[in-house]
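Just coords37.txt here, compact mmCIF, C-alpha atoms:
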# COMPACT_ATOMS: atom_id res chain seq x y z
CA MET A 449 -25.51 2.06 -63.25
CA ASN A 450 -25.23 5.07 -65.58
CA LEU A 451 -23.31 7.99 -64.16
CA SER A 452 -22.71 9.93 -67.34
CA SER A 453 -24.71 12.92 -66.15
CA GLN A 454 -22.33 13.24 -63.23
CA PHE A 455 -19.16 13.18 -65.28
CA ASP A 456 -19.64 14.58 -68.76
CA ARG A 457 -18.40 17.91 -67.37
CA ARG A 458 -15.72 16.40 -65.16
CA SER A 459 -12.74 15.77 -67.46
CA LEU A 460 -9.57 15.09 -65.52
CA PHE A 461 -7.82 17.56 -67.79
CA ARG A 462 -5.43 19.41 -65.63
CA PHE A 463 -2.50 17.04 -65.28
CA GLY A 464 -1.59 16.58 -68.90
CA GLY A 465 -4.45 17.88 -71.01
CA MET A 466 -2.90 21.10 -72.29
CA ALA A 467 -2.48 20.47 -75.98
CA SER A 468 0.28 23.05 -76.13
CA LEU A 469 2.49 21.26 -73.61
CA ALA A 470 4.23 17.91 -73.64
CA ILE A 471 6.10 16.01 -70.98
CA GLY A 472 9.78 16.90 -70.85
CA GLY A 473 9.21 20.16 -72.74
CA ALA A 474 9.33 18.64 -76.25
CA THR A 475 6.39 20.82 -77.20
CA VAL A 476 5.98 24.23 -75.63
CA LEU A 477 3.63 27.16 -75.64
CA ALA A 478 3.11 28.45 -79.12
CA SER A 479 4.44 31.85 -78.20
CA CYS A 480 6.46 32.04 -75.02
CA SER A 481 7.50 35.60 -74.38
CA SER A 482 9.77 36.99 -71.70
CA ASP A 483 8.21 40.43 -71.90
CA SER A 484 4.57 39.49 -71.37
CA SER A 485 2.78 42.15 -69.38
CA SER A 486 1.93 41.35 -65.78
CA SER A 487 -0.57 44.17 -65.58
CA SER A 488 -3.48 42.58 -67.44
CA GLY A 489 -6.64 44.02 -66.01
CA GLY A 490 -4.58 46.14 -63.62
CA SER A 491 -6.33 49.44 -64.25
CA THR A 492 -7.07 51.58 -61.21
CA ASP A 493 -9.75 53.64 -62.88
CA ASP A 494 -12.10 52.38 -60.18
CA GLY A 495 -10.04 54.15 -57.53
CA SER A 496 -8.75 50.97 -55.90
CA ALA A 497 -5.09 50.38 -55.18
CA PHE A 498 -4.69 47.47 -57.58
CA GLY A 499 -7.66 47.63 -59.95
CA THR A 500 -9.15 44.52 -61.53
CA VAL A 501 -7.28 41.27 -62.06
CA ALA A 502 -8.22 38.12 -63.95
CA VAL A 503 -7.66 34.78 -62.20
CA GLN A 504 -7.65 31.69 -64.41
CA LEU A 505 -9.17 28.73 -62.59
CA SER A 506 -8.00 25.25 -63.51
CA TRP A 507 -11.52 23.89 -63.83
CA ILE A 508 -15.23 24.71 -63.84
CA LYS A 509 -16.61 26.68 -60.92
CA ASN A 510 -17.28 23.86 -58.49
CA ILE A 511 -16.17 23.22 -54.93
CA GLU A 512 -12.47 23.25 -55.87
CA PHE A 513 -12.38 27.04 -55.65
CA ALA A 514 -14.30 27.56 -52.43
CA GLY A 515 -11.57 29.79 -51.01
CA GLU A 516 -11.86 32.16 -53.94
CA TYR A 517 -15.62 32.31 -53.45
CA PHE A 518 -15.23 33.24 -49.79
CA ALA A 519 -12.56 35.83 -50.62
CA THR A 520 -15.04 37.44 -53.00
CA GLU A 521 -18.14 37.17 -50.84
CA LYS A 522 -16.48 38.38 -47.63
CA GLY A 523 -14.70 41.28 -49.29
CA TYR A 524 -11.18 40.01 -48.69
CA TYR A 525 -10.12 40.92 -52.22
CA SER A 526 -11.61 44.39 -51.96
CA ASP A 527 -10.11 44.90 -48.51
CA ALA A 528 -6.74 43.98 -50.01
CA GLY A 529 -7.05 46.78 -52.55
CA PHE A 530 -8.60 45.12 -55.61
CA GLY A 531 -11.43 46.80 -57.44
CA SER A 532 -12.63 43.38 -58.52
CA VAL A 533 -11.28 39.90 -59.12
CA ASP A 534 -12.54 38.10 -62.20
CA LEU A 535 -12.63 34.34 -61.65
CA VAL A 536 -12.31 32.83 -65.11
CA ALA A 537 -13.62 29.27 -65.33
CA GLY A 538 -11.33 26.68 -66.85
CA GLY A 539 -11.92 23.23 -68.27
CA ALA A 540 -10.85 20.92 -71.06
CA ALA A 541 -11.87 23.44 -73.72
CA GLY A 542 -10.59 26.46 -71.82
CA THR A 543 -7.33 28.36 -71.96
CA GLY A 544 -4.63 26.89 -69.76
CA VAL A 545 -3.12 29.06 -67.05
CA GLU A 546 0.32 29.14 -68.63
CA ALA A 547 -1.07 30.16 -72.02
CA GLY A 548 -3.20 32.82 -70.34
CA LEU A 549 -0.19 34.26 -68.54
CA ASP A 550 1.86 34.19 -71.71
CA THR A 551 -0.73 36.15 -73.69
CA GLY A 552 -1.47 38.56 -70.84
CA LYS A 553 -5.11 37.48 -70.60
CA VAL A 554 -4.77 36.59 -66.92
CA TRP A 555 -2.65 37.86 -64.05
CA ILE A 556 -2.52 34.71 -61.93
CA GLY A 557 -3.94 31.22 -62.14
CA THR A 558 -4.35 27.83 -60.48
CA SER A 559 -2.36 25.13 -62.20
CA ALA A 560 -0.07 22.19 -61.36
CA PRO A 561 3.67 21.52 -61.41
CA GLN A 562 3.27 19.09 -64.32
CA LEU A 563 1.86 21.89 -66.44
CA THR A 564 3.94 24.83 -65.28
CA ALA A 565 7.31 23.07 -65.42
CA PRO A 566 7.26 22.25 -69.18
CA ALA A 567 6.15 25.81 -69.93
CA VAL A 568 9.04 27.21 -67.90
CA LEU A 569 11.48 24.88 -69.62
CA GLY A 570 10.02 26.08 -72.91
CA GLY A 571 10.78 29.72 -72.13
CA LEU A 572 7.86 31.06 -70.11
CA GLU A 573 9.24 33.15 -67.25
CA ALA A 574 6.83 32.10 -64.52
CA LYS A 575 6.91 30.64 -61.02
CA ILE A 576 4.69 28.75 -58.62
CA VAL A 577 4.25 30.96 -55.55
CA ALA A 578 1.77 28.94 -53.47
CA ALA A 579 0.11 25.52 -53.31
CA THR A 580 -3.55 25.21 -52.37
CA PHE A 581 -3.53 21.39 -52.29
CA GLN A 582 -0.66 19.86 -50.35
CA LYS A 583 -1.43 16.58 -52.10
CA ASN A 584 -2.70 16.11 -55.62
CA PRO A 585 -6.18 14.52 -55.67
CA PHE A 586 -5.43 11.77 -58.19
CA CYS A 587 -6.29 8.26 -57.05
CA ILE A 588 -7.19 4.82 -58.32
CA VAL A 589 -10.75 4.01 -57.31
CA SER A 590 -11.97 0.42 -57.25
CA SER A 591 -14.81 -1.71 -55.93
CA ALA A 592 -14.87 -2.21 -52.17
CA ALA A 593 -15.56 -5.87 -52.90
CA ALA A 594 -12.28 -6.18 -54.82
CA PRO A 595 -10.18 -3.25 -53.62
CA ILE A 596 -6.99 -2.04 -55.26
CA ASN A 597 -5.09 -0.56 -52.35
CA SER A 598 -1.67 0.10 -53.88
CA PRO A 599 0.05 0.35 -57.26
CA GLN A 600 1.29 -3.24 -56.89
CA ASP A 601 -2.33 -4.36 -56.59
CA MET A 602 -2.91 -3.16 -60.17
CA VAL A 603 -0.76 -5.96 -61.57
CA GLY A 604 -2.96 -8.24 -63.66
CA LYS A 605 -5.94 -5.87 -63.40
CA ARG A 606 -7.86 -3.79 -65.93
CA ILE A 607 -7.37 -0.08 -65.30
CA GLY A 608 -9.45 2.63 -66.98
CA VAL A 609 -7.23 5.57 -67.95
CA GLN A 610 -8.32 8.72 -69.78
CA ASP A 611 -6.14 10.07 -72.58
CA SER A 612 -5.46 13.28 -70.67
CA ASN A 613 -4.25 11.28 -67.66
CA GLN A 614 -1.88 8.92 -69.44
CA LEU A 615 1.15 10.97 -68.41
CA VAL A 616 0.41 11.17 -64.70
CA PHE A 617 -0.58 7.49 -64.67
CA ALA A 618 2.70 6.59 -66.40
CA ALA A 619 4.53 8.63 -63.76
CA LEU A 620 2.78 6.64 -61.03
CA LEU A 621 3.91 3.39 -62.64
CA ALA A 622 7.49 4.62 -63.07
CA ALA A 623 7.66 5.82 -59.47
CA ASN A 624 6.64 2.37 -58.29
CA GLY A 625 8.75 0.26 -60.65
CA LEU A 626 5.82 -0.99 -62.71
CA GLU A 627 5.24 -1.38 -66.45
CA GLU A 628 2.04 -1.00 -68.43
CA SER A 629 2.55 -4.54 -69.70
CA GLN A 630 1.88 -5.82 -66.20
CA MET A 631 -1.77 -4.74 -66.42
CA THR A 632 -4.41 -4.05 -69.05
CA ILE A 633 -4.86 -0.35 -69.77
CA VAL A 634 -8.39 0.30 -70.93
CA PRO A 635 -8.91 3.61 -72.80
CA ALA A 636 -11.57 5.54 -70.91
CA GLN A 637 -13.70 8.62 -71.11
CA PHE A 638 -14.85 10.45 -67.97
CA ASP A 639 -17.99 8.53 -67.00
CA PRO A 640 -16.90 5.80 -64.52
CA SER A 641 -19.83 3.53 -65.36
CA PRO A 642 -17.38 0.89 -66.70
CA LEU A 643 -16.03 0.53 -63.16
CA ALA A 644 -19.50 0.27 -61.65
CA ASN A 645 -20.48 -2.22 -64.36
CA GLY A 646 -17.43 -4.43 -63.76
CA GLU A 647 -15.82 -3.76 -67.14
CA VAL A 648 -12.63 -2.56 -65.42
CA ASP A 649 -11.12 -3.20 -62.00
CA GLY A 650 -9.69 0.26 -61.33
CA TRP A 651 -10.24 3.81 -62.53
CA VAL A 652 -8.08 6.94 -62.59
CA SER A 653 -10.05 9.47 -60.58
CA TYR A 654 -10.04 12.51 -58.34
CA VAL A 655 -10.41 11.39 -54.74
CA THR A 656 -12.69 14.37 -54.09
CA ASN A 657 -15.09 13.49 -56.89
CA GLU A 658 -15.72 10.05 -58.38
CA PRO A 659 -15.41 7.98 -55.17
CA ILE A 660 -17.99 10.22 -53.52
CA THR A 661 -20.38 10.23 -56.46
CA LEU A 662 -20.06 6.49 -57.00
CA ALA A 663 -20.85 5.86 -53.34
CA GLY A 664 -23.84 8.17 -53.63
CA LYS A 665 -25.13 5.98 -56.44
CA GLY A 666 -24.78 2.86 -54.31
CA PHE A 667 -21.39 1.64 -55.55
CA GLU A 668 -19.21 1.11 -52.49
CA ASN A 669 -15.59 1.71 -53.33
CA ALA A 670 -11.99 1.94 -52.15
CA ASN A 671 -9.13 4.11 -53.38
CA PHE A 672 -5.49 4.99 -52.95
CA LEU A 673 -3.85 8.35 -53.61
CA PHE A 674 -1.00 8.70 -56.09
CA ALA A 675 0.55 11.11 -53.58
CA ASP A 676 0.86 8.34 -51.01
CA PHE A 677 2.86 6.13 -53.36
CA ASP A 678 5.97 8.06 -54.39
CA LEU A 679 4.23 10.72 -56.49
CA PRO A 680 3.80 13.50 -53.89
CA LEU A 681 2.92 16.33 -56.26
CA VAL A 682 1.05 19.38 -55.00
CA ALA A 683 -1.94 20.72 -56.93
CA GLU A 684 -4.03 23.83 -57.52
CA THR A 685 -0.81 25.82 -57.41
CA LEU A 686 -0.85 29.58 -57.86
CA THR A 687 1.34 30.56 -60.80
CA VAL A 688 2.41 34.05 -61.91
CA LEU A 689 4.89 35.62 -64.30
CA GLN A 690 8.33 36.41 -62.95
CA SER A 691 7.67 40.05 -63.79
CA THR A 692 4.77 40.02 -61.32
CA ILE A 693 7.09 38.86 -58.56
CA ASP A 694 9.70 41.44 -59.53
CA ASN A 695 7.50 44.45 -60.25
CA GLU A 696 4.18 43.90 -58.44
CA ARG A 697 5.29 42.28 -55.23
CA ASP A 698 2.98 44.28 -52.95
CA LYS A 699 0.03 43.55 -55.22
CA LEU A 700 0.85 39.85 -55.19
CA LYS A 701 1.22 39.83 -51.41
CA ALA A 702 -2.15 41.53 -51.05
CA PHE A 703 -3.75 38.90 -53.28
CA LEU A 704 -2.17 36.01 -51.38
CA LYS A 705 -3.37 37.43 -48.07
CA ALA A 706 -6.93 37.55 -49.38
CA GLU A 707 -6.55 33.98 -50.67
CA ILE A 708 -5.38 32.73 -47.29
CA LEU A 709 -8.33 34.38 -45.55
CA GLY A 710 -10.76 32.93 -48.08
CA TRP A 711 -9.39 29.41 -47.81
CA ARG A 712 -9.26 29.61 -44.04
CA ASP A 713 -13.01 30.23 -44.09
CA ALA A 714 -13.60 27.50 -46.68
CA VAL A 715 -11.79 24.91 -44.58
CA ALA A 716 -13.81 25.93 -41.52
CA ASP A 717 -17.21 25.75 -43.25
CA PRO A 718 -17.61 23.00 -45.89
CA ARG A 719 -21.38 23.44 -46.06
CA GLU A 720 -21.19 27.14 -46.86
CA SER A 721 -18.43 26.34 -49.36
CA ALA A 722 -20.82 23.93 -51.04
CA ARG A 723 -23.69 26.41 -51.00
CA LEU A 724 -21.57 29.06 -52.71
CA ALA A 725 -20.51 26.54 -55.35
CA VAL A 726 -24.02 25.25 -55.98
CA GLU A 727 -26.15 28.37 -55.64
CA VAL A 728 -23.83 31.19 -56.69
CA TYR A 729 -20.63 30.53 -58.59
CA GLY A 730 -21.44 27.17 -60.18
CA LYS A 731 -25.20 27.54 -60.41
CA ASP A 732 -25.10 26.74 -64.15
CA GLN A 733 -23.32 23.42 -63.48
CA ASN A 734 -26.28 21.57 -61.92
CA LEU A 735 -24.20 20.65 -58.90
CA GLU A 736 -25.76 18.72 -56.01
CA LEU A 737 -25.47 20.37 -52.60
CA GLU A 738 -24.90 17.30 -50.43
CA GLU A 739 -22.37 15.89 -52.88
CA GLN A 740 -20.49 19.18 -52.85
CA VAL A 741 -20.51 19.19 -49.04
CA LEU A 742 -18.88 15.76 -49.06
CA GLU A 743 -16.36 16.90 -51.65
CA ALA A 744 -15.56 20.03 -49.64
CA THR A 745 -14.96 17.91 -46.55
CA ALA A 746 -12.70 15.52 -48.46
CA GLN A 747 -10.91 18.44 -50.06
CA ASN A 748 -9.94 19.80 -46.66
CA GLY A 749 -7.69 16.77 -46.21
CA LEU A 750 -5.72 17.92 -49.25
CA VAL A 751 -5.62 21.62 -48.37
CA THR A 752 -4.44 21.14 -44.78
CA SER A 753 -1.61 19.10 -43.31
CA ALA A 754 0.65 19.05 -40.29
CA ASP A 755 2.96 21.37 -42.21
CA THR A 756 0.23 23.91 -43.00
CA GLU A 757 -0.87 23.78 -39.37
CA ALA A 758 2.64 24.83 -38.43
CA ASN A 759 3.46 27.16 -41.31
CA GLY A 760 0.15 28.35 -42.75
CA LEU A 761 -2.06 27.51 -45.73
CA PHE A 762 -0.47 27.44 -49.20
CA THR A 763 3.06 26.97 -47.82
CA MET A 764 5.47 24.29 -48.98
CA THR A 765 8.34 23.02 -46.89
CA GLN A 766 11.71 22.60 -48.57
CA SER A 767 11.25 18.86 -48.19
CA LEU A 768 7.93 18.97 -50.08
CA ILE A 769 9.48 21.12 -52.80
CA ASP A 770 12.33 18.63 -53.16
CA GLU A 771 9.85 15.75 -53.34
CA ASN A 772 7.96 17.52 -56.12
CA ILE A 773 11.14 18.10 -58.11
CA ALA A 774 12.00 14.41 -57.74
CA ALA A 775 8.48 13.38 -58.77
CA LEU A 776 8.68 15.57 -61.86
CA ALA A 777 11.98 13.94 -62.77
CA THR A 778 10.25 10.58 -62.51
CA ALA A 779 7.73 11.88 -65.04
CA GLY A 780 10.54 12.94 -67.37
CA ILE A 781 10.53 16.63 -66.48
CA ASP A 782 13.99 17.74 -65.35
CA ILE A 783 13.76 21.13 -63.67
CA SER A 784 15.33 22.68 -60.58
CA ALA A 785 13.43 23.98 -57.57
CA GLU A 786 14.78 27.47 -58.24
CA GLU A 787 13.40 27.43 -61.78
CA LEU A 788 9.91 26.38 -60.74
CA PHE A 789 9.16 27.61 -57.21
CA ASP A 790 9.43 30.94 -55.39
CA MET A 791 7.88 30.80 -51.94
CA SER A 792 9.54 34.01 -50.74
CA VAL A 793 6.50 36.20 -51.40
CA LEU A 794 4.26 33.95 -49.32
CA ALA A 795 6.89 33.88 -46.58
CA GLU A 796 6.77 37.68 -46.46
CA VAL A 797 2.96 37.61 -46.21
CA TYR A 798 3.13 35.40 -43.12
CA ALA A 799 6.02 37.36 -41.61
CA GLU A 800 4.01 40.57 -41.96
CA ASN A 801 0.71 38.94 -40.88
CA PRO A 802 1.52 36.26 -38.28
CA ASP A 803 -2.16 36.08 -37.28
CA LEU A 804 -2.92 34.41 -40.62
CA LYS A 805 -1.46 31.09 -39.43
Spit out the file's structure as structure tokens when you get a sec.
Amino acid sequence: MNLSSQFDRRSLFRFGGMASLAIGGATVLASCSSDSSSSSGGSTDDGSAFGTVAVQLSWIKNIEFAGEYFATEKGYYSDAGFGSVDLVAGGAAGTGVEAGLDTGKVWIGTSAPQLTAPAVLGGLEAKIVAATFQKNPFCIVSSAAAPINSPQDMVGKRIGVQDSNQLVFAALLAANGLEESQMTIVPAQFDPSPLANGEVDGWVSYVTNEPITLAGKGFENANFLFADFDLPLVAETLTVLQSTIDNERDKLKAFLKAEILGWRDAVADPRESARLAVEVYGKDQNLELEEQVLEATAQNGLVTSADTEANGLFTMTQSLIDENIAALATAGIDISAEELFDMSVLAEVYAENPDLK
């Protein structure tokens, strides 16, 4: 079973693949600056209230950014006062969000605590202001005939781990009291054919991607989420410079309102989310419609939770924030909640627009 065509674009880069960052902040952004401009692309020559802004996406334009597609297509960004919103595709070869913020190339971006925290510790004055995914999508996928249902089940097994995911995998082991010596770590690329071929017993994966594609190719599989085993990190977090929070608060609130509206629509309509990804925004990615529908449906389980039902999309309870700080510490990143998160802007959006919940 050869699945390389499905995965040669799908590097699991985000949680440790930024060459300019290292766990614990030992290596930082090449040029962290406290006076980086937060007005990149903020011209109002078009007559709009906020002009054009650049949004750095964490990955290629696939289903992961369905809410942004809806916000564009339905005019939520323009209604909020933006002349246009430039969705900049990311990927393993692309500029990371933190680097883009530091250089002023982007105004906001989707990232992850594991990436933002080391940058902040290295001197970048930035904060996470919202979390699209309440759970990170990382999982271990395995054969349904020989399922690996927990970290303890990996003992004595062969686990395929990509270079860019070594850090988050190590954090999973540390959080569950395991050592690499208790299993065989097999260096892997991004095509999970070794799992389908029986060369490994488990595979580091995104729950919204490889398990679905493998099943579509006839390989029945099982998986467990890292987030369910003491590594409850959020993902696809919206990160901005501190100066944006301080000096462009109304602009940021307008953007977050449009994001909420877009993601509310995306959650309600997985098929239209998939169509926009396949036919419009990711049409150069050769995405498959039915696969993207399945991924959109699975993704909804990460975007929504009992807490978001009560408090609104993108919100994080104090308990979830505390859990993320503890998980980062497990990964060797010691940072306080106040240094990394600022949910006050989002709280104001919901207070001023209670109908958004």
Mind checking which residues fall within 12 Å of Val728 in chain A, counting all atoms listed in the file, ignoring those fewer than 4 positions away in the same chain, and posting them as a list of chain:residue names?
A:Lys509, A:Asn510, A:Ile511, A:Ala514, A:Tyr517, A:Phe518, A:Thr520, A:Glu521, A:Glu720, A:Ser721, A:Ala722, A:Arg723, A:Leu724, A:Asp732, A:Gln733, A:Asn734, A:Leu735, A:Leu737
The selected residues should be written to file as a CSV table (one decimal), in the frame of the given file (atoms: C-alpha atoms).
chain,number,residue,atom,x,y,z
A,509,LYS,CA,-16.6,26.7,-60.9
A,510,ASN,CA,-17.3,23.9,-58.5
A,511,ILE,CA,-16.2,23.2,-54.9
A,514,ALA,CA,-14.3,27.6,-52.4
A,517,TYR,CA,-15.6,32.3,-53.4
A,518,PHE,CA,-15.2,33.2,-49.8
A,520,THR,CA,-15.0,37.4,-53.0
A,521,GLU,CA,-18.1,37.2,-50.8
A,720,GLU,CA,-21.2,27.1,-46.9
A,721,SER,CA,-18.4,26.3,-49.4
A,722,ALA,CA,-20.8,23.9,-51.0
A,723,ARG,CA,-23.7,26.4,-51.0
A,724,LEU,CA,-21.6,29.1,-52.7
A,732,ASP,CA,-25.1,26.7,-64.2
A,733,GLN,CA,-23.3,23.4,-63.5
A,734,ASN,CA,-26.3,21.6,-61.9
A,735,LEU,CA,-24.2,20.6,-58.9
A,737,LEU,CA,-25.5,20.4,-52.6
Surrounding residues of Thr745 in chain A excluding itself and chain neighbours under 2 positions, 9 Å, all atoms listed in the file, as number ranges by chain:
A: 656, 715, 717-719, 740-743, 747-749
Using Å and a single decimal, report how far CA of Ala670 in chain A sits from CA of Asn597 in chain A.
7.3 Å
Between CA of Ser591 in chain A and CA of Phe672 in chain A, what is the distance in Å, rounded to a tenth?
11.9 Å
Kindly assemble as CSV a list of the range 557-655 of chain A residues that lie within 7 Å of range 680-683 of chain A, each paired with its nearest atom pair and their distance in Å to one decimal, using only C-alpha atoms, sorted first by chain and then by ascending residue number.
residue,atom,partner,partner_atom,distance
A:Ser559,CA,A:Ala683,CA,6.9
A:Ala560,CA,A:Ala683,CA,5.0
A:Ala579,CA,A:Ala683,CA,6.4
A:Thr580,CA,A:Ala683,CA,6.6
A:Phe581,CA,A:Ala683,CA,5.0
A:Gln582,CA,A:Val682,CA,5.0
A:Lys583,CA,A:Val682,CA,4.7
A:Asn584,CA,A:Ala683,CA,4.9
Need the neighbours of (6.7, 25.5, -67.4): which residues are at most 10 Å away, counting only C-alpha atoms, as a PyMOL selection string?
chain A and resi 469+472-473+476-477+546+560-576+687+781+783+787-788
Taking C-alpha atoms for each residue, export the selection above as a compact mmCIF listing (two decimals), in the coordinates of the input.
# COMPACT_ATOMS: atom_id res chain seq x y z
CA LEU A 469 2.49 21.26 -73.61
CA GLY A 472 9.78 16.90 -70.85
CA GLY A 473 9.21 20.16 -72.74
CA VAL A 476 5.98 24.23 -75.63
CA LEU A 477 3.63 27.16 -75.64
CA GLU A 546 0.32 29.14 -68.63
CA ALA A 560 -0.07 22.19 -61.36
CA PRO A 561 3.67 21.52 -61.41
CA GLN A 562 3.27 19.09 -64.32
CA LEU A 563 1.86 21.89 -66.44
CA THR A 564 3.94 24.83 -65.28
CA ALA A 565 7.31 23.07 -65.42
CA PRO A 566 7.26 22.25 -69.18
CA ALA A 567 6.15 25.81 -69.93
CA VAL A 568 9.04 27.21 -67.90
CA LEU A 569 11.48 24.88 -69.62
CA GLY A 570 10.02 26.08 -72.91
CA GLY A 571 10.78 29.72 -72.13
CA LEU A 572 7.86 31.06 -70.11
CA GLU A 573 9.24 33.15 -67.25
CA ALA A 574 6.83 32.10 -64.52
CA LYS A 575 6.91 30.64 -61.02
CA ILE A 576 4.69 28.75 -58.62
CA THR A 687 1.34 30.56 -60.80
CA ILE A 781 10.53 16.63 -66.48
CA ILE A 783 13.76 21.13 -63.67
CA GLU A 787 13.40 27.43 -61.78
CA LEU A 788 9.91 26.38 -60.74
Please tell me which residues are no farther than 12 Å from (12.9, 15.2, -54.4) in the file, counting all atoms listed in the file, and write them as number ranges by chain.
A: 623, 678-681, 765-778, 782-785
Go through A:Ala593, A:Gly515, A:Tyr729, A:Gln690 and flag the residue nearest Ala537 in chain A, using only C-alpha atoms for the distances.
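Selected residue with least distance to Ala537 in chain A: A:Tyr729.
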Close residues, Leu626 in chain A itself excluded, 12 Å, all atoms listed in the file, min 2 positions apart in chain, as a PyMOL selection string
chain A and resi 598-604+617-624+628-631
Those residues you just picked out, can you put them in a file as a PDB file, in the frame of the given file with C-alpha atoms?
ATOM      1  CA  SER A 598      -1.670   0.100 -53.880  1.00  0.00           C
ATOM      2  CA  PRO A 599       0.050   0.350 -57.260  1.00  0.00           C
ATOM      3  CA  GLN A 600       1.290  -3.240 -56.890  1.00  0.00           C
ATOM      4  CA  ASP A 601      -2.330  -4.360 -56.590  1.00  0.00           C
ATOM      5  CA  MET A 602      -2.910  -3.160 -60.170  1.00  0.00           C
ATOM      6  CA  VAL A 603      -0.760  -5.960 -61.570  1.00  0.00           C
ATOM      7  CA  GLY A 604      -2.960  -8.240 -63.660  1.00  0.00           C
ATOM      8  CA  PHE A 617      -0.580   7.490 -64.670  1.00  0.00           C
ATOM      9  CA  ALA A 618       2.700   6.590 -66.400  1.00  0.00           C
ATOM     10  CA  ALA A 619       4.530   8.630 -63.760  1.00  0.00           C
ATOM     11  CA  LEU A 620       2.780   6.640 -61.030  1.00  0.00           C
ATOM     12  CA  LEU A 621       3.910   3.390 -62.640  1.00  0.00           C
ATOM     13  CA  ALA A 622       7.490   4.620 -63.070  1.00  0.00           C
ATOM     14  CA  ALA A 623       7.660   5.820 -59.470  1.00  0.00           C
ATOM     15  CA  ASN A 624       6.640   2.370 -58.290  1.00  0.00           C
ATOM     16  CA  GLU A 628       2.040  -1.000 -68.430  1.00  0.00           C
ATOM     17  CA  SER A 629       2.550  -4.540 -69.700  1.00  0.00           C
ATOM     18  CA  GLN A 630       1.880  -5.820 -66.200  1.00  0.00           C
ATOM     19  CA  MET A 631      -1.770  -4.740 -66.420  1.00  0.00           C
TER      20      MET A 631
END
Shortest interatomic distance to Asp550 in chain A - which of A:Glu739, A:Ser691, A:Glu800, A:Ala795, counting only C-alpha atoms:
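Ranked by minimum distance to Asp550 in chain A, first place goes to A:Ser691.
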Near Val503 in chain A, counting only C-alpha atoms, which residues have an atom at most 10 Å away, once you skip same-chain residues fewer than 6 positions from it, shown as a ChimeraX atom specification?
/A:516,533-537,545,548-549,553-558,686
If we count all atoms listed in the file, what is near Trp507 in chain A at a cut-off of 6 Å, once residues fewer than 2 positions away on the same chain are taken out, given as a PyMOL selection string?
chain A and resi 505+537-539
Of A:Ala663, A:Val726, A:Ala594, A:Ile693, the one nearest to Gly646 in chain A when counting only C-alpha atoms is A:Ala594
Can you list every residue of range 594-711 of chain A that has an atom at most 12 Å from range 526-530 of chain A, with its nearest atom pair and the distance in Å to one decimal, using only C-alpha atoms, ordered by chain then number, as a Markdown table?
| residue | atom | partner | partner_atom | distance |
| --- | --- | --- | --- | --- |
| A:Asp698 | CA | A:Ala528 | CA | 10.2 |
| A:Lys699 | CA | A:Gly529 | CA | 8.2 |
| A:Leu700 | CA | A:Ala528 | CA | 10.1 |
| A:Lys701 | CA | A:Ala528 | CA | 9.1 |
| A:Ala702 | CA | A:Ala528 | CA | 5.3 |
| A:Phe703 | CA | A:Ala528 | CA | 6.7 |
| A:Leu704 | CA | A:Ala528 | CA | 9.3 |
| A:Lys705 | CA | A:Ala528 | CA | 7.6 |
| A:Ala706 | CA | A:Ala528 | CA | 6.5 |
| A:Glu707 | CA | A:Ala528 | CA | 10.0 |
| A:Ile708 | CA | A:Ala528 | CA | 11.7 |
| A:Leu709 | CA | A:Ala528 | CA | 10.7 |
| A:Gly710 | CA | A:Ala528 | CA | 11.9 |
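Each of A:Gly531, A:Pro640, A:Gly760, A:Pro585 was checked against Glu658 in chain A using only C-alpha atoms; the smallest atom-to-atom distance is that of A:Pro640.
Relative to CA of Gly608 in chain A, CA of Trp651 in chain A is found at 4.7 Å.
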For Ile588 in chain A, which of A:Ala725, A:Ala779, A:Val616, A:Met764 is the closest residue, counting all atoms listed in the file?
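So, comparing all the options, the nearest one is A:Val616.
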